[in-house]
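Below is one structure, written out as structure tokens; the observations come after it.
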Amino acid sequence: MWAWLKGGARSSAVKPVLESSPMRTYSPQAARQKDGARAERIAQQHLLDHGLKTVNANVACAQGEIDLIMLDGETLVFVEVRWRKNTAYGGAAVSVTPHKLAKLMRACEMFLQHEPTWRDGPCRIDVLALQGDLNAPSIEWLKNVTV
């Protein structure tokens, strides 16, 4: 599996992505993206309410995008946020395909290559699946998702 998926002592300091890195942040532009950004804010608040701390959000590179990067104790958590208004195509959790997870894993690996502060500590990928109206969505938190 991932060579960097292991435990170890960590500093609890939260570090931003370096500007010289191929990693970059992005802002939503289209109306559809703004709904997605709202879903990400709801997901982030849900995670904050459960004790996680924000490291970064909306990080992208050539390999893919990472919606949220959070800290759960000493574990760095890469979060994929999915939102679906209805279940016509299977719902939010089902929309995380093996292809999407593989792409996310490559983006996470790139992040860790360019952020040595986090390289040796434990990490995982979580999915926050929001379903329904964003004013009161149901939230499913899937921890440690793998292909």
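Identifiers in the structure tokens: chain A, B, ... in order shown; residue index from 1 per chain; ligand index from 1 in order shown.
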Got a sec: who's within 10 Å of A:Trp83, counting only C-alpha atoms, leaving out chain neighbours fewer than 4 positions off, as a tab-separated table (two decimals) with all heavy atoms, in the first residue's frame?
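Output contents, as saved in part31.tsv:
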```
chain	number	residue	atom	x	y	z
A	35	ASP	N	-22.04	25.68	-4.98
A	35	ASP	CA	-22.77	24.70	-4.16
A	35	ASP	C	-21.79	23.69	-3.57
A	35	ASP	O	-21.90	23.32	-2.40
A	35	ASP	CB	-23.82	23.97	-4.98
A	35	ASP	CG	-25.06	24.83	-5.24
A	35	ASP	OD1	-25.26	25.82	-4.52
A	35	ASP	OD2	-25.81	24.48	-6.17
A	36	GLY	N	-20.83	23.25	-4.37
A	36	GLY	CA	-19.81	22.33	-3.88
A	36	GLY	C	-18.97	22.95	-2.78
A	36	GLY	O	-18.63	22.30	-1.80
A	38	ARG	N	-19.96	25.27	-0.76
A	38	ARG	CA	-20.83	25.33	0.43
A	38	ARG	C	-20.84	23.97	1.12
A	38	ARG	O	-20.76	23.88	2.35
A	38	ARG	CB	-22.24	25.75	0.05
A	38	ARG	CG	-23.16	25.91	1.22
A	38	ARG	CD	-24.48	26.51	0.83
A	38	ARG	NE	-25.37	26.48	1.97
A	38	ARG	CZ	-26.67	26.34	1.88
A	38	ARG	NH1	-27.25	26.25	0.69
A	38	ARG	NH2	-27.41	26.29	2.96
A	39	ALA	N	-20.94	22.91	0.35
A	39	ALA	CA	-20.90	21.56	0.92
A	39	ALA	C	-19.57	21.32	1.64
A	39	ALA	O	-19.55	20.71	2.71
A	39	ALA	CB	-21.11	20.52	-0.18
A	40	GLU	N	-18.48	21.81	1.07
A	40	GLU	CA	-17.17	21.66	1.71
A	40	GLU	C	-17.11	22.43	3.02
A	40	GLU	O	-16.52	21.95	4.00
A	40	GLU	CB	-16.06	22.10	0.76
A	40	GLU	CG	-15.83	21.12	-0.37
A	40	GLU	CD	-14.81	21.59	-1.38
A	40	GLU	OE1	-14.11	22.60	-1.13
A	40	GLU	OE2	-14.71	20.95	-2.45
A	43	ALA	N	-19.01	20.39	5.52
A	43	ALA	CA	-18.19	19.23	5.90
A	43	ALA	C	-17.07	19.64	6.84
A	43	ALA	O	-16.80	18.97	7.85
A	43	ALA	CB	-17.63	18.57	4.64
A	91	GLY	N	-26.26	8.26	-4.99
A	91	GLY	CA	-25.93	9.04	-3.81
A	91	GLY	C	-24.48	9.47	-3.75
A	91	GLY	O	-23.67	9.14	-4.61
A	92	ALA	N	-24.17	10.20	-2.71
A	92	ALA	CA	-22.86	10.84	-2.57
A	92	ALA	C	-21.72	9.84	-2.32
A	92	ALA	O	-20.68	9.90	-2.97
A	92	ALA	CB	-22.90	11.88	-1.45
A	93	ALA	N	-21.92	8.93	-1.39
A	93	ALA	CA	-20.85	7.98	-1.05
A	93	ALA	C	-20.49	7.08	-2.23
A	93	ALA	O	-19.33	6.80	-2.47
A	93	ALA	CB	-21.25	7.14	0.16
A	95	SER	N	-20.57	7.85	-5.26
A	95	SER	CA	-19.90	8.60	-6.32
A	95	SER	C	-18.38	8.62	-6.18
A	95	SER	O	-17.69	9.08	-7.07
A	95	SER	CB	-20.44	10.04	-6.36
A	95	SER	OG	-20.00	10.78	-5.24
A	128	LEU	N	-16.46	12.49	3.30
A	128	LEU	CA	-17.65	13.04	3.92
A	128	LEU	C	-18.70	13.15	2.83
A	128	LEU	O	-18.53	13.92	1.89
A	128	LEU	CB	-17.38	14.42	4.55
A	128	LEU	CG	-17.64	14.43	6.06
A	128	LEU	CD1	-16.57	13.63	6.76
A	128	LEU	CD2	-17.74	15.80	6.58
A	129	ALA	N	-19.74	12.33	2.95
A	129	ALA	CA	-20.79	12.28	1.94
A	129	ALA	C	-22.01	13.02	2.47
A	129	ALA	O	-22.61	12.61	3.46
A	129	ALA	CB	-21.13	10.84	1.63
A	130	LEU	N	-22.36	14.11	1.81
A	130	LEU	CA	-23.53	14.90	2.17
A	130	LEU	C	-24.65	14.57	1.20
A	130	LEU	O	-24.42	14.53	-0.01
A	130	LEU	CB	-23.23	16.40	2.13
A	130	LEU	CG	-22.36	16.96	3.25
A	130	LEU	CD1	-20.92	16.56	3.10
A	130	LEU	CD2	-22.48	18.46	3.28
A	131	GLN	N	-25.84	14.37	1.74
A	131	GLN	CA	-26.98	13.97	0.93
A	131	GLN	C	-28.15	14.89	1.22
A	131	GLN	O	-28.44	15.18	2.38
A	131	GLN	CB	-27.36	12.54	1.29
A	131	GLN	CG	-28.29	11.87	0.33
A	131	GLN	CD	-27.62	11.56	-0.98
A	131	GLN	OE1	-26.52	11.03	-1.03
A	131	GLN	NE2	-28.28	11.91	-2.06
A	132	GLY	N	-28.80	15.38	0.16
A	132	GLY	CA	-30.02	16.17	0.32
A	132	GLY	C	-29.77	17.67	0.28
A	132	GLY	O	-28.73	18.14	-0.16
A	133	ASP	N	-30.75	18.41	0.77
A	133	ASP	CA	-30.71	19.87	0.79
A	133	ASP	C	-29.54	20.34	1.67
A	133	ASP	O	-29.38	19.87	2.80
A	133	ASP	CB	-32.04	20.39	1.34
A	133	ASP	CG	-32.16	21.90	1.29
A	133	ASP	OD1	-31.14	22.60	1.12
A	133	ASP	OD2	-33.30	22.39	1.42
A	134	LEU	N	-28.77	21.28	1.17
A	134	LEU	CA	-27.61	21.76	1.94
A	134	LEU	C	-28.00	22.54	3.19
A	134	LEU	O	-27.16	22.79	4.05
A	134	LEU	CB	-26.71	22.62	1.05
A	134	LEU	CG	-25.83	21.84	0.08
A	134	LEU	CD1	-25.03	22.79	-0.80
A	134	LEU	CD2	-24.91	20.89	0.82
A	137	PRO	N	-28.42	18.80	5.39
A	137	PRO	CA	-28.04	17.54	4.74
A	137	PRO	C	-27.81	16.43	5.75
A	137	PRO	O	-27.49	16.68	6.91
A	137	PRO	CB	-26.73	17.90	4.05
A	137	PRO	CG	-26.14	18.95	4.94
A	137	PRO	CD	-27.32	19.74	5.46
A	138	SER	N	-28.00	15.20	5.30
A	138	SER	CA	-27.54	14.08	6.11
A	138	SER	C	-26.05	13.92	5.79
A	138	SER	O	-25.63	14.12	4.65
A	138	SER	CB	-28.32	12.81	5.80
A	138	SER	OG	-28.06	12.38	4.48
A	139	ILE	N	-25.27	13.60	6.80
A	139	ILE	CA	-23.82	13.50	6.63
A	139	ILE	C	-23.35	12.11	7.02
A	139	ILE	O	-23.64	11.63	8.12
A	139	ILE	CB	-23.09	14.56	7.47
A	139	ILE	CG1	-23.52	15.97	7.06
A	139	ILE	CG2	-21.57	14.39	7.34
A	139	ILE	CD1	-22.94	17.08	7.92
```
Polymer residues at most 12 Å from stretch 97-105 of chain A, only C-alpha atoms, same-chain spacing of 4 or more positions, as an MDAnalysis selection string: chainID A and resid 1:5 59:69 77:82 90:93 109:112 123:127 144:147
Atom pair atom CA of A:Leu48 / atom CA of A:Gln113: separation (Å):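 Value for the atom CA of A:Leu48-atom CA of A:Gln113 distance: 26.0 Å.
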Between atom CA of A:Lys85 and atom CA of A:Ala136, distance in Å (one decimal):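 Atom CA of A:Ala136 lies 11.1 Å from atom CA of A:Lys85.
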Give me, as a PDB file with N, CA, C and O atoms, in the first residue's frame, the residues of stretch 41-102 of chain A that a backbone DSSP run labels alpha helix (DSSP H).
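The new file result.pdb reads:
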```pdb
ATOM      1  N   ARG A  41     -17.702  23.606   3.067  1.00  0.00           N
ATOM      2  CA  ARG A  41     -17.723  24.378   4.326  1.00  0.00           C
ATOM      3  C   ARG A  41     -18.541  23.653   5.396  1.00  0.00           C
ATOM      4  O   ARG A  41     -18.151  23.609   6.565  1.00  0.00           O
ATOM      5  N   ILE A  42     -19.666  23.057   4.984  1.00  0.00           N
ATOM      6  CA  ILE A  42     -20.484  22.285   5.921  1.00  0.00           C
ATOM      7  C   ILE A  42     -19.689  21.084   6.429  1.00  0.00           C
ATOM      8  O   ILE A  42     -19.677  20.787   7.625  1.00  0.00           O
ATOM      9  N   ALA A  43     -19.014  20.394   5.524  1.00  0.00           N
ATOM     10  CA  ALA A  43     -18.194  19.232   5.899  1.00  0.00           C
ATOM     11  C   ALA A  43     -17.067  19.640   6.836  1.00  0.00           C
ATOM     12  O   ALA A  43     -16.805  18.971   7.845  1.00  0.00           O
ATOM     13  N   GLN A  44     -16.409  20.746   6.514  1.00  0.00           N
ATOM     14  CA  GLN A  44     -15.308  21.223   7.354  1.00  0.00           C
ATOM     15  C   GLN A  44     -15.815  21.542   8.757  1.00  0.00           C
ATOM     16  O   GLN A  44     -15.182  21.171   9.746  1.00  0.00           O
ATOM     17  N   GLN A  45     -16.968  22.217   8.852  1.00  0.00           N
ATOM     18  CA  GLN A  45     -17.515  22.544  10.160  1.00  0.00           C
ATOM     19  C   GLN A  45     -17.882  21.276  10.929  1.00  0.00           C
ATOM     20  O   GLN A  45     -17.662  21.183  12.135  1.00  0.00           O
ATOM     21  N   HIS A  46     -18.402  20.280  10.229  1.00  0.00           N
ATOM     22  CA  HIS A  46     -18.733  18.994  10.856  1.00  0.00           C
ATOM     23  C   HIS A  46     -17.473  18.364  11.466  1.00  0.00           C
ATOM     24  O   HIS A  46     -17.503  17.876  12.599  1.00  0.00           O
ATOM     25  N   LEU A  47     -16.389  18.403  10.710  1.00  0.00           N
ATOM     26  CA  LEU A  47     -15.134  17.837  11.204  1.00  0.00           C
ATOM     27  C   LEU A  47     -14.572  18.659  12.359  1.00  0.00           C
ATOM     28  O   LEU A  47     -14.064  18.093  13.340  1.00  0.00           O
ATOM     29  N   LEU A  48     -14.651  19.974  12.268  1.00  0.00           N
ATOM     30  CA  LEU A  48     -14.206  20.833  13.374  1.00  0.00           C
ATOM     31  C   LEU A  48     -15.018  20.538  14.635  1.00  0.00           C
ATOM     32  O   LEU A  48     -14.457  20.475  15.738  1.00  0.00           O
ATOM     33  N   ASP A  49     -16.323  20.338  14.462  1.00  0.00           N
ATOM     34  CA  ASP A  49     -17.189  20.013  15.600  1.00  0.00           C
ATOM     35  C   ASP A  49     -16.822  18.684  16.243  1.00  0.00           C
ATOM     36  O   ASP A  49     -17.141  18.442  17.402  1.00  0.00           O
ATOM     37  N   PRO A  98     -13.322   3.946  -7.534  1.00  0.00           N
ATOM     38  CA  PRO A  98     -11.912   3.569  -7.399  1.00  0.00           C
ATOM     39  C   PRO A  98     -10.993   4.502  -8.197  1.00  0.00           C
ATOM     40  O   PRO A  98      -9.899   4.825  -7.745  1.00  0.00           O
ATOM     41  N   HIS A  99     -11.448   4.940  -9.368  1.00  0.00           N
ATOM     42  CA  HIS A  99     -10.651   5.877 -10.171  1.00  0.00           C
ATOM     43  C   HIS A  99     -10.448   7.194  -9.418  1.00  0.00           C
ATOM     44  O   HIS A  99      -9.339   7.734  -9.378  1.00  0.00           O
ATOM     45  N   LYS A 100     -11.506   7.718  -8.808  1.00  0.00           N
ATOM     46  CA  LYS A 100     -11.418   8.961  -8.045  1.00  0.00           C
ATOM     47  C   LYS A 100     -10.484   8.789  -6.851  1.00  0.00           C
ATOM     48  O   LYS A 100      -9.669   9.655  -6.565  1.00  0.00           O
ATOM     49  N   LEU A 101     -10.595   7.657  -6.154  1.00  0.00           N
ATOM     50  CA  LEU A 101      -9.718   7.406  -5.009  1.00  0.00           C
ATOM     51  C   LEU A 101      -8.258   7.307  -5.434  1.00  0.00           C
ATOM     52  O   LEU A 101      -7.369   7.823  -4.742  1.00  0.00           O
ATOM     53  N   ALA A 102      -7.992   6.648  -6.548  1.00  0.00           N
ATOM     54  CA  ALA A 102      -6.617   6.524  -7.034  1.00  0.00           C
ATOM     55  C   ALA A 102      -6.046   7.901  -7.365  1.00  0.00           C
ATOM     56  O   ALA A 102      -4.889   8.201  -7.045  1.00  0.00           O
TER      57      ALA A 102
END
```
Which of A:Asn135, A:Met70, A:Ala37, A:Arg84 sits closest to A:Gly51 [using only C-alpha atoms]: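 For A:Gly51, the nearest of the given residues is A:Met70.
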Residues of stretch 82-146 of chain A in strand (DSSP E), written as a ChimeraX atom specification: /A:82-84,123-131,138-142
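Between atom CA of A:Asp72 and atom CA of A:Lys53 the interatomic distance comes to 6.7 Å.
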A:Trp141, A:Val96, A:Asp120, A:Leu76 ranked by distance to A:Asn56, top pick (using only C-alpha atoms):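 Among the listed residues, the smallest separation from A:Asn56 belongs to A:Leu76.
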